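Participant: Mind looking over this structure? Questions follow.
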Amino acid sequence: MTNTRSRLPATFLILLGLSCVGVLITDFWPFLQKGLAGQVMFSPDETDFDQILFHYSILPRLAMAFLCGAGLALAGAAIQTVLRNPLASPTTLGVGAGVEFALTIFLLIAPASMALFQEAFALAGGMIALGAVYLIASKRGNATLWLILAGMIVNLLLQSGSQIVLLFNEQYLQSIFMWGAGDLAQNGWEATEFVLPRVIIGMIAVLALSRPLDLLALGDETASSLGAKVTTLRLLILGFAVFITASVISAAGMIGFVGLAVPAALRIAGLTRSRDLMICSVVTGGFVLVLIDFIVRQFNGLGGDVLPTGAATALFGAPFIILILRKARIMPGTQSEDQHSDQEIISKTRLTVILGVTLVAGIFVSLFVSLDGNGLVFLGWNADSLDILLGRSERSFAAMICGAALAVSGTLIQRVGRNPLASPEITGVSSATALAMIIALAIFGFGQRAELMMIGAAGGIISLFVLLILCRKFTHAPHYMLLNGLALTAILGAMVRIVLTRSGTQTSMLMSWLAGTTYFTNMDEVLIVAGVTAVLLVVAIALRRPLELASLGTDQSVSLGLGITGFQFAMMLLAAILAASATLLVGPLSFVGLMAPHLARVAGYRLAGGHLLGAVLIGVNVMMVAEWLARNMIYPAQLPTGLIAALIGTGYFLILAVRKR
Amino acid sequence: MKTIRAAFRYLVLCVGLVAVNGTYAKADPIRIEHERGILELPAPAKRVATINWSFTETVIELGLSPVAVADPQDYADWVAEPKLPDGFVDLGQRSSPNLEALRAAKPDLIITIPDIGMSYEKLSEIAPVLELKLFDEKRPAFEAARDVFAKIAKATGREAEGQAYLAHVDAKLAEYGERIRMALGPDQKLNVIYFFDESTIGIFGGTSLPGSVMAAMNVPMGFTGEVNKWGFARGGLELIAPYAEGSVVYTNPVPDAILEKMFASPMWKFMAFTRNNRVYELPVVWMYGGVPSSLRFARLLTESIENGPHR
């Protein structure tokens, strides 16, 4: 603690501390003037509403903000140290989403007599999500990046899962949405009393374990040679970190980014010893959330509604990731390791034959076979048959075209980005498209699909340029592009939440579209997107030679001075246009753009041309199956196709992970 | 695909024309103004499909059994009355009614809301669609509900019944208003609130359904603040503090756990309405409903206030 860098965290902390004192003074001011500060804190005058309000609403809110911020920042610091990953945190690794999903299900489905198990349920949700993320990413060449990307997959999946549960319980939408967006409003000290002991227990446990943590930070080999039982220790610390997160989220809802940004920023500022980092994280995290919540409180009541703190925190926090990325030095792993780390789970020829057969059979089934709640129904011939067939083909073809577009998009991004886990969702293009459409619909009142689609397309393209500007001058631009995309996705996600809490009666339509539904598509749109996809696929295949060079990292194309070449830029643009078109058609989520190119490559489609075609074949099949399931599984209600596809995609990566063991 | 569809349409049109020509000399078509211009129906609708609960309750109240209903299970929990008749087709979620199930129900009129306006064209391929706006920030909800009621009555050829029902509603509202004012005492203002969770409440404003029904009953409402797009204001208990001298009625359904925590909270206990024992409980009423829900709200509010404060 003697070098000059260590002054930075101290300065940082003092500044934050002073700001918080400012917040306290502002909040206390009316009482300080009358010399009632002590009274209002400990024994408010029960006949004065201002004192009651302060003592039972504002004061506990301040306490909760500090506790939640401190707890989440500590959990983040612990997770980051244990996993040796500067971008790990309760939110980025899916813990938050896991807890949220578990609680949403619990609150809606579990009978009141089960209330005692709520905490265990939330904890299990968080642990399972973290376990899944770890499983997907483990034994990979570039674990740092894989972990974050796997976290993103699990996050998106669980979030859409929560949204589906809500879609089927529309009446509770408003309440649970508030909680899901992280509302710190207090009505007494009860929540504080719930969180305080839990956060303290978690803190003591984590801090007690933090000495061996410094050994962990040196790497598994060093730590085990020093005699620490690495695995047990890691699991224990992770367990307590999840425990803190689950307690905070149970009481206050989703509050993102404190757990990521605070410890990461402190580390960049020069705190490297885990014990220092953790102690500082506790204090800094608390201060930061108090400050953010203070700002949020000033906007409460605007438009007759509250502004949820959690979503606002994500807005504040996500730009931080971009800053952190500039410092964090996440080195891309050695290419060969990434490229060949997955064993062939199926051979190219067999896959092609199977996919060809399922495609033909699938189209037939999609059109003629359905479930109606009693069993399988074959479409007979009557006056309505033609219309029913048209309706089904509209939806099935929309899904399939979307699968093809995303497959091409994903293949291009994975090849140019030299990253087998890159996908259109992760670059933020899909989220930007969705956000533009949602804002146009919910705030500006555009109701026509054609208008919305134009606006959405513009949003997607703009986001790509933002991404390129953010990534300029990085030597490993493709990797940074992905991580910046992650930050962008997070910002957009937070904005989507805020818009949705304020969007009034259209919320449920927006939500089903967000999860990816073919319900609203029509044949004209399908044909347009099919045309765009076909043309761009042909272009990509024609460019297969330079594409191969680009994915080997040996291309000699002229650099744009952006850290990426003109060719890479062009390919990314193609990928963005495809992803935006697919999003316009069925919404932003599906993971087909991630899974299809990955499976195609693992199956042995190594050359660019074959890779593209193989991915398209897989993408079309997956979306076709997902669409049929979505339409028929719980007839007459319909699930969003994107959710089913995302489930298939997550299942695929879990299978891969298990096969690797 | 488009040409097949166009050809099919044409065919249907030709057959239809021949059929119509054969049995000509019918009455004038029914014309109803809706969100998409003017809907013309050749004859009163007999087989009505309803995508929204307010339409469902309105159709039932007009003495017709809807042939297809969205979200019928939740209807029982949130709208409660009028009860759903037997033998309708379940359409699944209100946000995406199942088109194949809808087609199988063979409706001759589909009533939907602009909130799922993106599906208008698809619905139109099945039967004539009446798209009616239920809630509009600028307009009192009860007024909009009356309009909707009158339009549905017209579409189903029950204008006389519809007018009689609306007149009955007006008379009842006047009577209930009188009774509430009697029971509450002079100058007592009333607020209708909803518990989101143990620290967040919603207060219905003047344009909401309860607000506008109370206005029609001539029962004074306390709250005058800014409201969101649903017609209520949301926030902590401090929202209602300025109106705490009045009476408060809270809506159902609310989970018991939330009620217990809310009533145990110091801020709730401090409020003048709690100390003056002026808190009433309202049984389940659909607060975003139509005229039948409005009448139900007025009746249950009256009974609840006449029965005295809760607990």
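Lettering and numbering for the structure tokens are positional, with chains as A, B, ... in the shown order, residues counted from 1 in each chain, and ligands counted from 1 in the shown order.
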Please, which residues in chain B fall within 6 Å of chain A when counting only C-alpha atoms, and what is the closest atom pair and distance in Å to one decimal for each, ordered by chain then residue number, as a tab-separated table?
Facilitator:
```
residue	atom	partner	partner_atom	distance
B:Leu91	CA	A:Pro636	CA	5.8
B:Gly92	CA	A:Ala637	CA	4.0
B:Gln93	CA	A:Ala637	CA	5.6
B:Ser95	CA	A:Met509	CA	5.5
B:Asn98	CA	A:Pro636	CA	5.8
B:Asp115	CA	A:Gln506	CA	5.2
B:Ser119	CA	A:Phe520	CA	5.7
B:Phe196	CA	A:Ser175	CA	5.1
B:Ser199	CA	A:Asn187	CA	4.8
B:Glu226	CA	A:Gly304	CA	4.9
B:Val227	CA	A:Gly304	CA	4.2
B:Asn228	CA	A:Gly304	CA	4.7
B:Lys229	CA	A:Gly504	CA	5.1
B:Trp230	CA	A:Gly504	CA	5.5
B:Ala233	CA	A:Gly304	CA	4.6
B:Arg234	CA	A:Asp305	CA	4.9
B:Gly235	CA	A:Val306	CA	5.9
B:Ser265	CA	A:Gly188	CA	5.9
```
Participant: Within 8 Å of Phe88 in chain B, counting only C-alpha atoms, which residues qualify if same-chain residues fewer than 4 places away don't, as JSON, numbers by chain?
Facilitator: {"B": [65, 66, 67, 68, 69, 105]}
Participant: With C-alpha atoms kept, could you save the residues just selected as a PDB file, in the first residue's frame?
Facilitator:
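Contents of result_37.pdb, as written:
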```pdb
ATOM      1  CA  SER B  65     -73.116 -16.239 -25.034  1.00  0.00           C
ATOM      2  CA  PRO B  66     -69.701 -15.494 -26.529  1.00  0.00           C
ATOM      3  CA  VAL B  67     -68.483 -18.346 -28.743  1.00  0.00           C
ATOM      4  CA  ALA B  68     -64.817 -17.736 -27.894  1.00  0.00           C
ATOM      5  CA  VAL B  69     -63.184 -16.164 -24.835  1.00  0.00           C
ATOM      6  CA  ALA B 105     -65.267 -21.269 -33.088  1.00  0.00           C
TER       7      ALA B 105
END
```
Participant: Expressed in Å to a single decimal, how great is the separation between CA of Met182 in chain B and CA of Pro220 in chain B?
Facilitator: 12.5 Å
Participant: Would you kindly return, as an NGL selection string, each protein, DNA or RNA residue with an atom no farther than 6 Å from any atom of Gly485 in chain A, considering only C-alpha atoms and excluding same-chain residues fewer than 5 positions away?
Facilitator: :A and (426-428)
Participant: Would you compute the distance between CA of Gly604 in chain A and CA of Lys348 in chain A? Give it in Å to one decimal.
Facilitator: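 Pair CA of Gly604 in chain A / CA of Lys348 in chain A returns 5.4 Å.
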Participant: Near Ile113 in chain B, within 12 Å and counting only C-alpha atoms, which residues show up once chain neighbours fewer than 3 positions away are dropped, as a ChimeraX atom specification?
Facilitator: /A:505-506,509 /B:34-36,50-55,94-97,110,116-120,123,129-136,148
Participant: Suppose we keep N, CA and C atoms; can you now write the selection as an mmCIF file, in the first residue's frame?
Facilitator:
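Result went into result-v6.cif, see below:
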```cif
data_model
loop_
_atom_site.group_PDB
_atom_site.id
_atom_site.type_symbol
_atom_site.label_atom_id
_atom_site.label_comp_id
_atom_site.auth_asym_id
_atom_site.auth_seq_id
_atom_site.Cartn_x
_atom_site.Cartn_y
_atom_site.Cartn_z
ATOM 1 N N THR A 505 -50.935 -0.219 -21.255
ATOM 2 C CA THR A 505 -51.681 -1.419 -21.606
ATOM 3 C C THR A 505 -51.018 -2.287 -22.664
ATOM 4 N N GLN A 506 -49.987 -1.778 -23.319
ATOM 5 C CA GLN A 506 -49.382 -2.587 -24.374
ATOM 6 C C GLN A 506 -48.288 -3.520 -23.874
ATOM 7 N N MET A 509 -48.208 -7.305 -25.013
ATOM 8 C CA MET A 509 -47.865 -7.538 -26.421
ATOM 9 C C MET A 509 -46.358 -7.342 -26.622
ATOM 10 N N HIS B 34 -65.368 2.459 -35.500
ATOM 11 C CA HIS B 34 -64.391 1.876 -34.568
ATOM 12 C C HIS B 34 -63.005 2.394 -34.907
ATOM 13 N N GLU B 35 -61.976 1.799 -34.296
ATOM 14 C CA GLU B 35 -60.615 2.328 -34.438
ATOM 15 C C GLU B 35 -60.096 2.257 -35.877
ATOM 16 N N ARG B 36 -60.742 1.419 -36.704
ATOM 17 C CA ARG B 36 -60.259 1.258 -38.078
ATOM 18 C C ARG B 36 -61.246 1.853 -39.078
ATOM 19 N N THR B 50 -64.654 -12.761 -28.074
ATOM 20 C CA THR B 50 -64.148 -11.606 -27.333
ATOM 21 C C THR B 50 -62.712 -11.845 -26.891
ATOM 22 N N ILE B 51 -61.847 -10.879 -27.219
ATOM 23 C CA ILE B 51 -60.424 -11.007 -26.910
ATOM 24 C C ILE B 51 -60.119 -10.364 -25.560
ATOM 25 N N ASN B 52 -61.051 -9.543 -25.077
ATOM 26 C CA ASN B 52 -60.786 -8.823 -23.839
ATOM 27 C C ASN B 52 -61.962 -9.033 -22.886
ATOM 28 N N TRP B 53 -61.659 -9.079 -21.587
ATOM 29 C CA TRP B 53 -62.697 -9.391 -20.603
ATOM 30 C C TRP B 53 -63.834 -8.368 -20.572
ATOM 31 N N SER B 54 -63.523 -7.096 -20.830
ATOM 32 C CA SER B 54 -64.612 -6.095 -20.793
ATOM 33 C C SER B 54 -65.630 -6.397 -21.870
ATOM 34 N N PHE B 55 -65.148 -6.858 -23.016
ATOM 35 C CA PHE B 55 -66.077 -7.216 -24.086
ATOM 36 C C PHE B 55 -66.838 -8.477 -23.702
ATOM 37 N N ARG B 94 -54.751 -13.383 -23.729
ATOM 38 C CA ARG B 94 -55.369 -12.204 -24.327
ATOM 39 C C ARG B 94 -54.384 -11.489 -25.256
ATOM 40 N N SER B 95 -53.090 -11.624 -24.964
ATOM 41 C CA SER B 95 -52.100 -10.914 -25.774
ATOM 42 C C SER B 95 -51.847 -11.599 -27.114
ATOM 43 N N SER B 96 -52.172 -12.878 -27.228
ATOM 44 C CA SER B 96 -52.034 -13.553 -28.511
ATOM 45 C C SER B 96 -53.091 -14.650 -28.633
ATOM 46 N N PRO B 97 -54.337 -14.254 -28.873
ATOM 47 C CA PRO B 97 -55.412 -15.245 -28.997
ATOM 48 C C PRO B 97 -55.116 -16.245 -30.110
ATOM 49 N N ILE B 110 -65.554 -10.503 -34.262
ATOM 50 C CA ILE B 110 -64.478 -10.592 -33.274
ATOM 51 C C ILE B 110 -64.306 -9.198 -32.686
ATOM 52 N N ILE B 116 -53.456 -4.936 -29.163
ATOM 53 C CA ILE B 116 -52.860 -5.984 -29.987
ATOM 54 C C ILE B 116 -53.206 -5.722 -31.452
ATOM 55 N N GLY B 117 -53.162 -4.429 -31.792
ATOM 56 C CA GLY B 117 -53.520 -3.989 -33.138
ATOM 57 C C GLY B 117 -52.722 -4.655 -34.237
ATOM 58 N N MET B 118 -51.502 -5.131 -33.893
ATOM 59 C CA MET B 118 -50.674 -5.781 -34.908
ATOM 60 C C MET B 118 -51.328 -7.041 -35.464
ATOM 61 N N SER B 119 -52.305 -7.594 -34.732
ATOM 62 C CA SER B 119 -52.924 -8.827 -35.225
ATOM 63 C C SER B 119 -54.234 -8.543 -35.958
ATOM 64 N N TYR B 120 -54.555 -7.271 -36.173
ATOM 65 C CA TYR B 120 -55.851 -6.907 -36.778
ATOM 66 C C TYR B 120 -56.088 -7.605 -38.118
ATOM 67 N N LEU B 123 -56.815 -11.304 -37.711
ATOM 68 C CA LEU B 123 -58.155 -11.542 -37.173
ATOM 69 C C LEU B 123 -59.196 -11.289 -38.267
ATOM 70 N N VAL B 129 -63.895 -7.662 -37.794
ATOM 71 C CA VAL B 129 -63.294 -7.317 -36.508
ATOM 72 C C VAL B 129 -63.752 -5.933 -36.068
ATOM 73 N N LEU B 130 -64.186 -5.848 -34.840
ATOM 74 C CA LEU B 130 -64.540 -4.577 -34.240
ATOM 75 C C LEU B 130 -63.430 -4.232 -33.255
ATOM 76 N N GLU B 131 -62.642 -3.198 -33.569
ATOM 77 C CA GLU B 131 -61.530 -2.852 -32.683
ATOM 78 C C GLU B 131 -61.926 -1.630 -31.866
ATOM 79 N N LEU B 132 -62.084 -1.822 -30.577
ATOM 80 C CA LEU B 132 -62.590 -0.749 -29.723
ATOM 81 C C LEU B 132 -61.570 -0.396 -28.643
ATOM 82 N N LYS B 133 -61.408 0.898 -28.439
ATOM 83 C CA LYS B 133 -60.463 1.371 -27.433
ATOM 84 C C LYS B 133 -61.176 1.436 -26.088
ATOM 85 N N LEU B 134 -60.589 0.782 -25.091
ATOM 86 C CA LEU B 134 -61.227 0.736 -23.776
ATOM 87 C C LEU B 134 -60.746 1.844 -22.882
ATOM 88 N N PHE B 135 -59.456 2.066 -22.933
ATOM 89 C CA PHE B 135 -58.918 3.055 -22.016
ATOM 90 C C PHE B 135 -58.046 4.018 -22.773
ATOM 91 N N ASP B 136 -58.308 5.261 -22.560
ATOM 92 C CA ASP B 136 -57.653 6.317 -23.298
ATOM 93 C C ASP B 136 -57.355 7.372 -22.239
ATOM 94 N N VAL B 148 -68.342 1.799 -25.701
ATOM 95 C CA VAL B 148 -68.075 0.424 -26.110
ATOM 96 C C VAL B 148 -69.336 -0.411 -25.970
#
```
Participant: Would you return as a list in words the members of range 40-225 of chain B that DSSP assigns to strand (DSSP E) on this structure's backbone?
Facilitator: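 Listing strand (DSSP E) positions across range 40-225 of chain B yields Glu40, Leu41, Val48, Ala49, Thr50, Ala68, Val69, Val89, Asp90, Leu109, Ile110, Ile111, Thr112, Val129, Leu130, Glu131, Leu190, Asn191, Val192, Ile193, Tyr194, Phe195, Ile201, Gly202, Ile203 and Phe204 of chain B.
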Participant: Excluding range 184-186 of chain B and any residue of its chain fewer than 6 positions from it, enumerate the residues within 9 Å of it, using only C-alpha atoms, and give them as a PyMOL selection string.
Facilitator: chain B and resi 247+278+305-306
Participant: Identify, on the basis of only C-alpha atoms, every residue whose closest approach to Val219 in chain B does not exceed 9 Å; exclude the query and any residue fewer than 3 positions from it along the same chain; express the result as a list in words.
Facilitator: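 The residues satisfying every condition are Gly177, Glu178, Ile180, Arg181, Gln188, Lys189, Leu190, Val213, Met214, Ala215 and Ala216 of chain B.
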Participant: I'd like the contact shell of Val360 in chain A - 12 Å cut-off, only C-alpha atoms, skipping same-chain residues fewer than 5 positions apart - returned as a list in words.
Facilitator: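 Skipping anything fewer than 5 positions along the chain leaves Val353, Ile354, Leu355, Val365, Ser366, Leu367, Leu617, Val620, Asn621, Met624 and Val625 of chain A.
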Participant: Write out as an NGL selection string all residues of range 256-387 of chain A that DSSP puts in helix (DSSP H, G or I) for this structure's backbone.
Facilitator: :A and (258-268 or 274-299 or 302-304 or 309-328 or 335-340 or 348-368 or 385-387)
Participant: What is the distance, in Å and to one decimal place, between CA of Leu233 in chain A and CA of Met152 in chain A?
Facilitator: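 We find that CA of Leu233 in chain A and CA of Met152 in chain A lie 25.3 Å from each other.
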